[in-house]
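Student: This is my_file.csv (CSV, C-alpha atoms (C1' of nucleotides)).
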chain,number,residue,atom,x,y,z
G,1404,MET,CA,0.1,-14.7,-11.2
G,1405,LEU,CA,2.3,-17.5,-10.7
G,1406,ARG,CA,5.7,-17.5,-9.4
G,1407,ASN,CA,7.8,-19.3,-11.8
G,1408,ASP,CA,9.0,-22.2,-9.8
G,1409,TYR,CA,7.4,-25.4,-8.5
G,1410,PRO,CA,10.1,-26.7,-6.2
G,1411,GLY,CA,10.4,-30.5,-6.0
G,1412,GLN,CA,8.2,-31.3,-8.9
G,1413,ILE,CA,9.7,-33.9,-11.2
G,1414,CYS,CA,7.4,-33.6,-14.0
G,1415,SER,CA,7.5,-32.1,-17.5
G,1416,ILE,CA,4.2,-30.4,-17.0
G,1417,ALA,CA,5.6,-28.6,-14.0
G,1418,ARG,CA,8.7,-27.7,-16.0
G,1419,SER,CA,6.6,-26.3,-18.8
G,1420,LEU,CA,4.5,-24.2,-16.3
G,1421,GLU,CA,7.7,-22.8,-14.8
G,1422,VAL,CA,8.3,-21.2,-18.1
G,1423,VAL,CA,4.9,-20.4,-19.6
G,1424,GLY,CA,2.7,-20.7,-16.5
G,1425,GLU,CA,3.4,-17.2,-15.3
G,1426,ARG,CA,0.5,-14.8,-15.5
G,1427,TRP,CA,0.2,-13.4,-19.1
G,1428,SER,CA,3.0,-15.5,-20.6
G,1429,LEU,CA,0.7,-17.8,-22.7
G,1430,LEU,CA,-1.4,-14.8,-23.7
G,1431,ILE,CA,1.7,-13.0,-25.0
G,1432,VAL,CA,2.6,-16.1,-27.0
G,1433,ARG,CA,-0.9,-16.2,-28.4
G,1434,ASP,CA,-0.8,-12.5,-29.3
G,1435,VAL,CA,2.5,-12.9,-31.1
G,1436,MET,CA,1.1,-15.9,-33.0
G,1437,ASN,CA,-1.7,-13.6,-34.0
G,1438,GLY,CA,0.7,-11.0,-35.4
G,1439,HIS,CA,1.2,-8.6,-32.6
G,1440,ARG,CA,4.9,-8.1,-32.5
G,1441,ARG,CA,5.7,-4.8,-30.9
G,1442,PHE,CA,5.7,-3.6,-27.3
G,1443,ASP,CA,3.0,-1.0,-27.5
G,1444,GLU,CA,0.8,-3.3,-29.6
G,1445,LEU,CA,1.1,-6.1,-27.1
G,1446,GLN,CA,0.5,-3.7,-24.2
G,1447,GLY,CA,-2.6,-2.3,-25.8
G,1448,SER,CA,-4.0,-5.6,-26.9
G,1449,LEU,CA,-3.5,-7.3,-23.6
G,1450,GLY,CA,-4.1,-4.4,-21.2
G,1451,ILE,CA,-1.0,-5.6,-19.2
G,1452,ALA,CA,1.1,-3.3,-17.1
G,1453,ARG,CA,4.2,-2.1,-19.0
G,1454,ASN,CA,6.7,-3.2,-16.4
G,1455,VAL,CA,5.2,-6.6,-16.3
G,1456,LEU,CA,5.1,-6.9,-20.1
G,1457,SER,CA,8.8,-5.9,-20.1
G,1458,ALA,CA,9.7,-8.5,-17.6
G,1459,ARG,CA,7.7,-11.3,-19.4
G,1460,LEU,CA,9.2,-10.5,-22.8
G,1461,GLN,CA,12.7,-10.6,-21.3
G,1462,ARG,CA,11.9,-14.0,-19.7
G,1463,LEU,CA,10.4,-15.4,-22.9
G,1464,VAL,CA,13.5,-14.2,-24.9
G,1465,GLU,CA,15.8,-15.8,-22.3
G,1466,GLU,CA,13.9,-19.0,-22.5
G,1467,ASN,CA,14.2,-18.9,-26.3
G,1468,ILE,CA,10.5,-18.8,-26.8
G,1469,LEU,CA,10.6,-15.4,-28.4
G,1470,GLU,CA,13.3,-13.7,-30.4
G,1471,ARG,CA,13.8,-9.9,-30.3
G,1472,ARG,CA,14.9,-8.3,-33.6
G,1473,ALA,CA,15.5,-4.7,-34.5
G,1474,TYR,CA,13.3,-3.6,-37.4
G,1475,GLN,CA,14.9,-0.1,-37.7
G,1476,ARG,CA,17.9,1.8,-36.4
G,1477,ASN,CA,18.2,5.4,-35.2
G,1478,PRO,CA,16.4,5.0,-33.0
G,1479,GLU,CA,16.4,1.2,-32.6
G,1480,ARG,CA,13.0,-0.3,-32.5
G,1481,TYR,CA,12.2,-3.9,-31.9
G,1482,GLU,CA,9.8,-6.7,-32.8
G,1483,TYR,CA,9.3,-10.0,-31.1
G,1484,PHE,CA,9.0,-13.2,-33.1
G,1485,LEU,CA,8.3,-16.8,-32.0
G,1486,THR,CA,11.1,-19.3,-32.2
G,1487,GLU,CA,10.4,-23.0,-33.1
G,1488,LYS,CA,10.1,-23.6,-29.3
G,1489,GLY,CA,7.5,-20.9,-29.1
G,1490,LEU,CA,5.6,-22.1,-32.2
G,1491,ASP,CA,5.5,-25.6,-30.6
G,1492,LEU,CA,3.2,-24.2,-27.9
G,1493,TRP,CA,0.5,-24.1,-30.5
G,1494,PRO,CA,-1.1,-27.5,-29.7
G,1495,ALA,CA,-1.4,-26.5,-26.0
G,1496,LEU,CA,-3.0,-23.2,-26.9
G,1497,VAL,CA,-5.4,-25.0,-29.3
G,1498,SER,CA,-6.4,-27.4,-26.5
G,1499,LEU,CA,-7.0,-24.5,-24.1
G,1500,LEU,CA,-9.0,-22.7,-26.7
G,1501,ALA,CA,-11.2,-25.7,-27.4
G,1502,TRP,CA,-11.7,-26.3,-23.7
G,1503,GLY,CA,-12.7,-22.7,-23.2
G,1504,ASP,CA,-15.1,-22.8,-26.1
G,1505,ARG,CA,-16.7,-26.0,-24.8
G,1506,TYR,CA,-17.1,-25.0,-21.1
G,1507,SER,CA,-17.3,-21.2,-21.1
G,1508,PRO,CA,-19.3,-20.7,-24.2
G,1509,ASP,CA,-20.0,-17.3,-25.6
G,1510,PRO,CA,-23.7,-17.0,-26.3
G,1511,ASN,CA,-22.9,-15.8,-29.9
G,1512,GLY,CA,-20.5,-18.7,-30.6
G,1513,PRO,CA,-16.8,-18.9,-30.3
G,1514,PRO,CA,-14.9,-15.6,-30.6
G,1515,MET,CA,-12.0,-17.1,-32.5
G,1516,LEU,CA,-11.8,-20.0,-34.9
G,1517,ILE,CA,-8.7,-21.7,-36.2
G,1518,VAL,CA,-8.7,-23.0,-39.8
G,1519,HIS,CA,-6.3,-25.0,-41.9
G,1520,LYS,CA,-4.6,-22.6,-44.3
G,1521,GLU,CA,-4.3,-25.3,-47.0
G,1522,CYS,CA,-7.9,-26.6,-47.2
G,1523,GLY,CA,-9.8,-24.1,-45.0
G,1524,GLY,CA,-11.1,-26.9,-42.7
G,1525,ALA,CA,-11.8,-26.3,-39.0
G,1526,VAL,CA,-9.1,-27.4,-36.6
G,1527,SER,CA,-10.0,-29.8,-33.8
G,1528,ASP,CA,-9.0,-29.6,-30.1
G,1529,ARG,CA,-6.1,-31.8,-31.0
G,1530,GLY,CA,-4.8,-29.5,-33.7
G,1531,ILE,CA,-6.0,-31.8,-36.5
G,1532,CYS,CA,-7.8,-30.6,-39.6
G,1533,GLU,CA,-11.4,-31.9,-39.5
G,1534,GLN,CA,-11.6,-31.7,-43.2
G,1535,CYS,CA,-8.4,-33.3,-44.5
G,1536,GLY,CA,-7.3,-35.1,-41.4
G,1537,LYS,CA,-3.8,-33.8,-41.3
G,1538,VAL,CA,-2.0,-33.2,-38.0
G,1539,LEU,CA,-1.2,-29.5,-38.1
G,1540,HIS,CA,1.4,-27.2,-36.7
G,1541,ALA,CA,1.4,-23.5,-35.9
G,1542,ARG,CA,2.3,-22.4,-39.4
G,1543,ASP,CA,-0.3,-24.6,-41.1
G,1544,ALA,CA,-3.2,-22.8,-39.4
G,1545,ARG,CA,-4.6,-19.3,-39.1
G,1546,PRO,CA,-7.0,-17.7,-36.7
G,1547,VAL,CA,-10.2,-16.1,-38.0
G,1548,PRO,CA,-12.7,-14.1,-36.0
G,1549,GLY,CA,-15.7,-16.3,-35.1
G,1550,PRO,CA,-19.3,-15.3,-34.6
G,1551,GLY,CA,-18.8,-14.4,-31.0
G,1552,MET,CA,-16.1,-11.7,-31.7
G,1553,ALA,CA,-17.4,-8.3,-30.7
G,1554,ASP,CA,-17.4,-5.7,-33.4
G,1555,ALA,CA,-14.7,-3.2,-32.5
G,1556,THR,CA,-12.0,-4.7,-30.4
G,1557,GLY,CA,-8.3,-4.5,-31.2
G,1558,ASN,CA,-8.1,-8.2,-31.6
G,1559,ALA,CA,-11.0,-8.3,-34.0
G,1560,LYS,CA,-9.5,-5.7,-36.2
G,1561,VAL,CA,-6.1,-7.3,-36.4
G,1562,LEU,CA,-7.5,-10.7,-37.1
G,1563,ALA,CA,-9.9,-9.4,-39.7
G,1564,ALA,CA,-7.0,-7.6,-41.4
G,1565,ARG,CA,-4.9,-10.7,-41.9
O,908,MET,CA,1.0,-16.6,-9.4
O,909,LEU,CA,-1.7,-15.4,-11.6
O,910,ARG,CA,-4.6,-13.4,-10.6
O,911,ASN,CA,-7.6,-15.0,-12.1
O,912,ASP,CA,-8.9,-12.4,-14.4
O,913,TYR,CA,-7.7,-11.0,-17.8
O,914,PRO,CA,-10.0,-8.0,-18.2
O,915,GLY,CA,-11.0,-7.1,-21.7
O,916,GLN,CA,-9.8,-10.3,-23.3
O,917,ILE,CA,-12.4,-11.7,-25.7
O,918,CYS,CA,-10.8,-15.1,-26.2
O,919,SER,CA,-11.4,-18.6,-25.1
O,920,ILE,CA,-7.8,-19.1,-24.2
O,921,ALA,CA,-8.0,-16.2,-21.8
O,922,ARG,CA,-11.2,-17.6,-20.4
O,923,SER,CA,-9.6,-20.9,-19.9
O,924,LEU,CA,-6.7,-19.3,-18.1
O,925,GLU,CA,-8.9,-17.4,-15.8
O,926,VAL,CA,-10.0,-20.7,-14.4
O,927,VAL,CA,-7.0,-23.0,-14.7
O,928,GLY,CA,-4.2,-20.5,-15.2
O,929,GLU,CA,-3.8,-19.7,-11.6
O,930,ARG,CA,-0.6,-20.9,-10.0
O,931,TRP,CA,-0.9,-24.6,-9.0
O,932,SER,CA,-4.3,-25.2,-10.6
O,933,LEU,CA,-3.2,-27.3,-13.5
O,934,LEU,CA,-0.8,-29.2,-11.3
O,935,ILE,CA,-3.6,-30.0,-8.9
O,936,VAL,CA,-5.7,-31.3,-11.8
O,937,ARG,CA,-2.7,-33.4,-13.0
O,938,ASP,CA,-2.2,-34.8,-9.5
O,939,VAL,CA,-5.9,-35.7,-9.1
O,940,MET,CA,-5.7,-37.4,-12.6
O,941,ASN,CA,-2.7,-39.4,-11.2
O,942,GLY,CA,-4.8,-40.6,-8.3
O,943,HIS,CA,-4.0,-38.1,-5.5
O,944,ARG,CA,-7.4,-37.4,-4.1
O,945,ARG,CA,-7.0,-36.2,-0.6
O,946,PHE,CA,-6.0,-32.9,0.9
O,947,ASP,CA,-2.9,-34.0,2.7
O,948,GLU,CA,-1.9,-36.2,-0.2
O,949,LEU,CA,-2.1,-33.3,-2.6
O,950,GLN,CA,-0.3,-31.0,-0.2
O,951,GLY,CA,2.5,-33.4,0.3
O,952,SER,CA,2.9,-34.2,-3.3
O,953,LEU,CA,2.8,-30.6,-4.5
O,954,GLY,CA,4.6,-28.9,-1.6
O,955,ILE,CA,1.9,-26.2,-1.8
O,956,ALA,CA,0.9,-24.0,1.2
O,957,ARG,CA,-2.2,-25.4,2.9
O,958,ASN,CA,-4.2,-22.2,2.7
O,959,VAL,CA,-3.5,-21.9,-1.0
O,960,LEU,CA,-4.4,-25.5,-1.6
O,961,SER,CA,-7.6,-24.9,0.2
O,962,ALA,CA,-8.4,-21.9,-1.9
O,963,ARG,CA,-7.6,-23.6,-5.1
O,964,LEU,CA,-9.7,-26.7,-4.3
O,965,GLN,CA,-12.6,-24.5,-3.5
O,966,ARG,CA,-12.3,-22.6,-6.7
O,967,LEU,CA,-11.9,-25.8,-8.8
O,968,VAL,CA,-15.0,-27.2,-7.1
O,969,GLU,CA,-16.9,-24.0,-7.8
O,970,GLU,CA,-15.9,-24.1,-11.4
O,971,ASN,CA,-17.1,-27.7,-11.6
O,972,ILE,CA,-13.7,-29.0,-12.5
O,973,LEU,CA,-13.4,-31.1,-9.3
O,974,GLU,CA,-16.1,-32.7,-7.2
O,975,ARG,CA,-15.7,-33.0,-3.4
O,976,ARG,CA,-17.1,-36.2,-2.0
O,977,ALA,CA,-17.1,-37.6,1.6
O,978,TYR,CA,-15.5,-41.0,1.8
O,979,GLN,CA,-16.4,-41.5,5.5
O,980,ARG,CA,-18.5,-39.9,8.3
O,981,ASN,CA,-17.6,-39.3,11.9
O,982,PRO,CA,-15.6,-37.5,11.3
O,983,GLU,CA,-16.3,-36.5,7.7
O,984,ARG,CA,-13.4,-36.9,5.4
O,985,TYR,CA,-13.3,-35.8,1.8
O,986,GLU,CA,-11.9,-36.8,-1.5
O,987,TYR,CA,-11.7,-34.8,-4.7
O,988,PHE,CA,-12.6,-36.3,-8.1
O,989,LEU,CA,-12.4,-34.8,-11.6
O,990,THR,CA,-15.7,-34.1,-13.4
O,991,GLU,CA,-16.0,-34.5,-17.2
O,992,LYS,CA,-14.9,-30.8,-17.5
O,993,GLY,CA,-11.8,-31.5,-15.5
O,994,LEU,CA,-11.1,-34.7,-17.4
O,995,ASP,CA,-11.3,-32.7,-20.6
O,996,LEU,CA,-8.2,-30.8,-19.6
O,997,TRP,CA,-6.3,-33.9,-20.4
O,998,PRO,CA,-5.3,-32.9,-24.0
O,999,ALA,CA,-3.9,-29.6,-22.8
O,1000,LEU,CA,-1.9,-31.3,-20.0
O,1001,VAL,CA,-0.6,-33.9,-22.6
O,1002,SER,CA,0.5,-31.0,-24.8
O,1003,LEU,CA,2.3,-29.3,-22.0
O,1004,LEU,CA,3.9,-32.5,-21.0
O,1005,ALA,CA,5.2,-33.2,-24.5
O,1006,TRP,CA,6.5,-29.6,-24.8
O,1007,GLY,CA,8.3,-29.9,-21.6
O,1008,ASP,CA,9.8,-33.2,-22.6
O,1009,ARG,CA,11.0,-31.8,-25.9
O,1010,TYR,CA,12.5,-28.5,-24.6
O,1011,SER,CA,13.5,-29.1,-21.0
O,1012,PRO,CA,14.7,-32.6,-21.4
O,1013,ASP,CA,15.8,-34.6,-18.4
O,1014,PRO,CA,19.2,-36.1,-19.0
O,1015,ASN,CA,17.8,-39.6,-18.1
O,1016,GLY,CA,14.8,-39.3,-20.3
O,1017,PRO,CA,11.3,-38.2,-19.6
O,1018,PRO,CA,10.2,-38.6,-15.9
O,1019,MET,CA,6.6,-39.6,-16.9
O,1020,LEU,CA,5.2,-41.4,-19.9
O,1021,ILE,CA,1.6,-41.8,-20.9
O,1022,VAL,CA,0.4,-45.0,-22.4
O,1023,HIS,CA,-2.8,-46.2,-24.0
O,1024,LYS,CA,-4.4,-48.6,-21.6
O,1025,GLU,CA,-5.9,-50.7,-24.3
O,1026,CYS,CA,-2.9,-51.4,-26.5
O,1027,GLY,CA,0.0,-50.1,-24.4
O,1028,GLY,CA,1.1,-47.7,-27.1
O,1029,ALA,CA,2.8,-44.4,-26.4
O,1030,VAL,CA,0.7,-41.3,-26.5
O,1031,SER,CA,1.7,-38.4,-28.8
O,1032,ASP,CA,1.7,-34.7,-28.0
O,1033,ARG,CA,-1.8,-34.6,-29.5
O,1034,GLY,CA,-3.2,-37.3,-27.2
O,1035,ILE,CA,-3.2,-39.9,-30.0
O,1036,CYS,CA,-2.0,-43.5,-29.6
O,1037,GLU,CA,1.1,-43.9,-31.7
O,1038,GLN,CA,0.5,-47.6,-31.9
O,1039,CYS,CA,-3.2,-47.9,-32.8
O,1040,GLY,CA,-3.8,-44.4,-34.0
O,1041,LYS,CA,-6.9,-43.8,-31.8
O,1042,VAL,CA,-7.7,-40.3,-30.5
O,1043,LEU,CA,-7.7,-40.8,-26.8
O,1044,HIS,CA,-9.3,-39.2,-23.8
O,1045,ALA,CA,-8.3,-39.0,-20.1
O,1046,ARG,CA,-9.8,-42.4,-19.2
O,1047,ASP,CA,-8.1,-44.2,-22.1
O,1048,ALA,CA,-4.6,-43.5,-20.9
O,1049,ARG,CA,-2.5,-44.1,-17.9
O,1050,PRO,CA,0.7,-42.5,-16.7
O,1051,VAL,CA,3.8,-44.7,-16.0
O,1052,PRO,CA,7.1,-43.5,-14.5
O,1053,GLY,CA,9.6,-42.9,-17.2
O,1054,PRO,CA,13.4,-43.4,-17.2
O,1055,GLY,CA,14.0,-39.9,-15.8
O,1056,MET,CA,11.8,-40.5,-12.7
O,1057,ALA,CA,14.0,-40.3,-9.5
O,1058,ASP,CA,13.9,-43.2,-7.2
O,1059,ALA,CA,12.1,-42.1,-4.1
O,1060,THR,CA,9.7,-39.3,-4.7
O,1061,GLY,CA,6.0,-39.4,-3.7
O,1062,ASN,CA,5.0,-39.2,-7.3
O,1063,ALA,CA,7.1,-42.1,-8.3
O,1064,LYS,CA,5.7,-44.3,-5.6
O,1065,VAL,CA,2.1,-43.5,-6.4
O,1066,LEU,CA,2.6,-44.0,-10.1
O,1067,ALA,CA,4.5,-47.2,-9.7
O,1068,ALA,CA,1.7,-48.6,-7.5
O,1069,ARG,CA,-1.0,-48.1,-10.1
H,687,DC,C1',-5.0,-38.8,29.4
H,688,DG,C1',-2.3,-37.7,25.8
H,689,DA,C1',-0.9,-38.3,20.9
H,690,DC,C1',-2.3,-38.9,16.2
H,691,DT,C1',-5.0,-38.2,11.8
H,692,DA,C1',-7.6,-35.6,8.3
H,693,DG,C1',-9.0,-31.4,6.7
H,694,DG,C1',-8.8,-27.5,7.0
H,695,DT,C1',-8.4,-21.8,9.1
H,696,DT,C1',-5.8,-17.8,11.0
H,697,DG,C1',-2.1,-14.4,11.3
H,698,DC,C1',2.1,-12.6,9.7
H,699,DT,C1',5.6,-11.5,6.1
H,700,DT,C1',7.4,-11.3,1.5
H,701,DG,C1',7.1,-10.7,-3.2
H,702,DA,C1',4.5,-10.1,-7.6
H,703,DC,C1',1.2,-7.2,-10.0
H,704,DG,C1',-1.2,-2.8,-11.4
H,705,DC,C1',-0.8,2.0,-12.1
H,706,DA,C1',1.0,6.4,-13.1
H,707,DA,C1',4.9,9.1,-13.9
H,708,DC,C1',9.1,9.6,-16.0
H,709,DC,C1',13.1,8.9,-19.4
H,710,DC,C1',15.5,8.9,-23.9
H,711,DA,C1',16.5,9.3,-28.9
H,712,DG,C1',14.9,10.6,-33.0
H,713,DT,C1',11.0,12.7,-36.0
H,714,DG,C1',7.7,15.7,-37.4
H,715,DT,C1',5.0,20.5,-36.9
H,716,DG,C1',4.4,25.6,-36.3
T,1040,DC,C1',13.9,27.1,-32.6
T,1041,DA,C1',10.5,25.2,-29.4
T,1042,DC,C1',7.2,21.8,-28.8
T,1043,DA,C1',4.8,17.6,-29.1
T,1044,DC,C1',4.8,12.8,-30.5
T,1045,DT,C1',6.4,7.9,-31.1
T,1046,DG,C1',8.4,3.6,-29.5
T,1047,DG,C1',10.4,1.0,-26.0
T,1048,DG,C1',11.0,0.8,-22.1
T,1049,DT,C1',12.3,2.0,-16.3
T,1050,DT,C1',11.1,3.7,-11.6
T,1051,DG,C1',8.4,4.3,-7.4
T,1052,DC,C1',4.6,3.3,-4.8
T,1053,DG,C1',0.5,0.8,-3.0
T,1054,DT,C1',-2.1,-3.5,-2.9
T,1055,DC,C1',-3.1,-8.2,-3.1
T,1056,DA,C1',-1.7,-13.1,-3.4
T,1057,DA,C1',1.5,-16.7,-1.9
T,1058,DG,C1',4.5,-19.0,1.6
T,1059,DC,C1',5.1,-20.4,6.4
T,1060,DA,C1',4.0,-21.7,10.9
T,1061,DA,C1',0.7,-22.2,14.4
T,1062,DC,C1',-3.8,-23.4,15.7
T,1063,DC,C1',-8.5,-25.7,15.5
T,1064,DT,C1',-12.0,-29.6,15.5
T,1065,DA,C1',-13.9,-34.3,15.7
T,1066,DG,C1',-13.0,-38.6,16.3
T,1067,DT,C1',-9.6,-42.8,17.1
T,1068,DC,C1',-5.8,-45.3,19.3
T,1069,DG,C1',-2.6,-46.7,23.1
Rewrite the structure of this file - the entire thing - as structure tokens.
Tutor:
Amino acid sequence: MLRNDYPGQICSIARSLEVVGERWSLLIVRDVMNGHRRFDELQGSLGIARNVLSARLQRLVEENILERRAYQRNPERYEYFLTEKGLDLWPALVSLLAWGDRYSPDPNGPPMLIVHKECGGAVSDRGICEQCGKVLHARDARPVPGPGMADATGNAKVLAAR
Amino acid sequence: MLRNDYPGQICSIARSLEVVGERWSLLIVRDVMNGHRRFDELQGSLGIARNVLSARLQRLVEENILERRAYQRNPERYEYFLTEKGLDLWPALVSLLAWGDRYSPDPNGPPMLIVHKECGGAVSDRGICEQCGKVLHARDARPVPGPGMADATGNAKVLAAR
DNA sequence: CGACTAGGTTGCTTGACGCAACCCAGTGTG
DNA sequence: CACACTGGGTTGCGTCAAGCAACCTAGTCG
């Protein structure tokens, strides 16, 4: 993927991409938002090489996008959680999702939908509830499998189980 | 940077990133939005290697995000323009811009601001005019150099001239 | 005649990614 | 007691993409 620097660019987009523009980074953030919190779970869901996943997680933790917490001792085992900074990537992910749905449509319909937890309304490309009109944030919404989601993928199972 | 495939991912975010997640791609789209339309201009502004820029432009044209048009003959010289598909990446770029401004702040303030052409209002992270409340699209807004923009960069000059 | 411009292409080197194998501590299983 | 399994990684190796500099082509300018 990307190297993580864009020398000479004086632009907040470039600065954002230095952090989350590396190959896999945004997909890791998306997966953690969808409830995948452990190393093996992420590795299986993404199909990413283990050494690369390890490097990305370290970077995302350093950048304060993820937080690594032990969920047991002896032996220590870890989970990754999104920080506020990580959760605030939600609008960008929603935009990319909407763009992908519009321009690379699945014949069966979108594989993933995002709905407003409070009222169940669909979420627009701007992260706004189309039913109640509220401007939403990561915690206000929830992914649900859409009509295009294949039957037996890991993602589908996890999403359906939530 | 990124390779351009995420095998096994059934997700519109992954599909979007297969197209625009490659290193430099989104920055090229941003630059074209900001009025850089020619090969050498893009190369200078971005500091990207010429062979890589050539490959990216070809891919973006293939994907119907950019359009290549001759602006003269003898010899033929070309410019690149955004298609509707390319223009529709604007909300995602605005989100990333806002995220970068919030979490990697420039001590002097944001280097680039986006304003609503019609009323001059600032544009929010959702691409909404904070003054008149309208949901905006690429053509409704315009970048202006912010307080953090250094004095003599190529970007600054171009932006100031618009 | 030589230099310059615009828009690339070619060749070489470096570094990131993918893959498989291995490691380690603790927990079952026969 | 030996053995396998789990979770969370690390190591080594080969390949492919990115960075850099040089070159190419068609036409214009001095």
Student: Go through G:Ser1527, G:Asn1467, G:Ser1428, G:Ser1448 one by one, measure the shortest atom-to-atom distance of each to Cys918 in chain O using all atoms listed in the file, and give the residue with the smallest value.
Tutor: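 Checking each candidate against Cys918 in chain O, we get G:Ser1448 as the closest.
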Student: Provide the CA of Leu996 in chain O to CA of His1044 in chain O distance in Å, to one decimal place.
Tutor: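 Between CA of Leu996 in chain O and CA of His1044 in chain O the gap works out to 9.5 Å.
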Student: Between O:Ile1035, O:Met1056, O:Ala1045, O:Val927, which residue has the minimum interatomic distance to Leu964 in chain O, considering all atoms listed in the file?
Tutor: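 Looking only at the distances to Leu964 in chain O, the closest residue turns out to be O:Val927.
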Student: Taking only C-alpha atoms (C1' of nucleotides) into account and nothing else, which residues of chain H lie no more than 10 Å away from chain O? Please answer as a PDB file with C-alpha atoms (C1' of nucleotides), keeping the file's coordinate frame.
Tutor:
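Wrote it out as part-v5.pdb, contents follow:
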ATOM      1  C1'  DA H 692      -7.600 -35.600   8.300  1.00  0.00           C
ATOM      2  C1'  DG H 693      -9.000 -31.400   6.700  1.00  0.00           C
ATOM      3  C1'  DG H 694      -8.800 -27.500   7.000  1.00  0.00           C
ATOM      4  C1'  DT H 695      -8.400 -21.800   9.100  1.00  0.00           C
ATOM      5  C1'  DT H 696      -5.800 -17.800  11.000  1.00  0.00           C
ATOM      6  C1'  DA H 702       4.500 -10.100  -7.600  1.00  0.00           C
ATOM      7  C1'  DC H 703       1.200  -7.200 -10.000  1.00  0.00           C
TER       8       DC H 703
END
Student: Could you tell me how far CA of Val1518 in chain G lies from CA of Pro1546 in chain G, in Å and to one decimal?
Tutor: 6.4 Å
Student: Residues of chain O near chain G: apply a cut-off of 9 Å, count only C-alpha atoms, and supply the list as a PyMOL selection string.
Tutor: chain O and resi 908-911+913-924+928-931+933-934+937+952-955+992+995-1013+1017-1019+1032-1035+1042+1055-1057+1060+1062
Student: Using only C-alpha atoms (C1' of nucleotides), find each residue in chain T having at least one atom no more than 12 Å away from chain G; report its shortest atom-to-atom pair and that distance in Å (one decimal), rows by chain then rising number, as a tab-separated table.
Tutor:
residue	atom	partner	partner_atom	distance
T:DT1045	C1'	G:Asp1443	CA	10.2
T:DG1046	C1'	G:Arg1480	CA	6.7
T:DG1047	C1'	G:Phe1442	CA	6.7
T:DG1048	C1'	G:Ser1457	CA	7.3
T:DT1049	C1'	G:Asn1454	CA	7.6
T:DT1050	C1'	G:Asn1454	CA	9.5
T:DG1051	C1'	G:Asn1454	CA	11.8
T:DC1055	C1'	G:Met1404	CA	10.9
T:DA1056	C1'	G:Met1404	CA	8.2
T:DA1057	C1'	G:Arg1406	CA	8.6
T:DG1058	C1'	G:Arg1406	CA	11.2
Student: Emit the selected residues as an mmCIF file, in the coordinates of the input, including C-alpha atoms (C1' of nucleotides).
Tutor:
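As a result, out.cif now contains:
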data_model
loop_
_atom_site.group_PDB
_atom_site.id
_atom_site.type_symbol
_atom_site.label_atom_id
_atom_site.label_comp_id
_atom_site.auth_asym_id
_atom_site.auth_seq_id
_atom_site.Cartn_x
_atom_site.Cartn_y
_atom_site.Cartn_z
ATOM 1 C "C1'" DT T 1045 6.400 7.900 -31.100
ATOM 2 C "C1'" DG T 1046 8.400 3.600 -29.500
ATOM 3 C "C1'" DG T 1047 10.400 1.000 -26.000
ATOM 4 C "C1'" DG T 1048 11.000 0.800 -22.100
ATOM 5 C "C1'" DT T 1049 12.300 2.000 -16.300
ATOM 6 C "C1'" DT T 1050 11.100 3.700 -11.600
ATOM 7 C "C1'" DG T 1051 8.400 4.300 -7.400
ATOM 8 C "C1'" DC T 1055 -3.100 -8.200 -3.100
ATOM 9 C "C1'" DA T 1056 -1.700 -13.100 -3.400
ATOM 10 C "C1'" DA T 1057 1.500 -16.700 -1.900
ATOM 11 C "C1'" DG T 1058 4.500 -19.000 1.600
#
Student: Just how far from CA of Ile1021 in chain O is CA of Ala1048 in chain O, in Å to one decimal?
Tutor: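 A separation of 6.4 Å between them.
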Student: With all atoms listed in the file as the counted atoms, please give the residues lying no more than 10 Å from Glu1521 in chain G, apart from itself and same-chain residues fewer than 5 positions off, as a VMD selection string.
Tutor: chain G and resid 1532 1535 1543 to 1545
Student: Please identify all polymer residues within 8 Å of Asn1477 in chain G, counting all atoms listed in the file, omitting same-chain residues fewer than 2 positions from it, and present them as a PyMOL selection string.
Tutor: (chain G and resi 1475+1479) or (chain H and resi 711-712)
Student: What lies within 12 Å of DC1068 in chain T using all atoms listed in the file, ignoring chain neighbours under 3 positions off, as an MDAnalysis selection string?
Tutor: chainID H and resid 688:691
Student: Padding 4 Å on every side, please: axis-aligned box over the listed atoms of range 699-707 of chain H, centre and edge lengths to one decimal in Å, as lines of an AutoDock Vina configuration file.
Tutor:
center_x = 3.1
center_y = -1.2
center_z = -3.9
size_x = 16.6
size_y = 28.6
size_z = 28.0
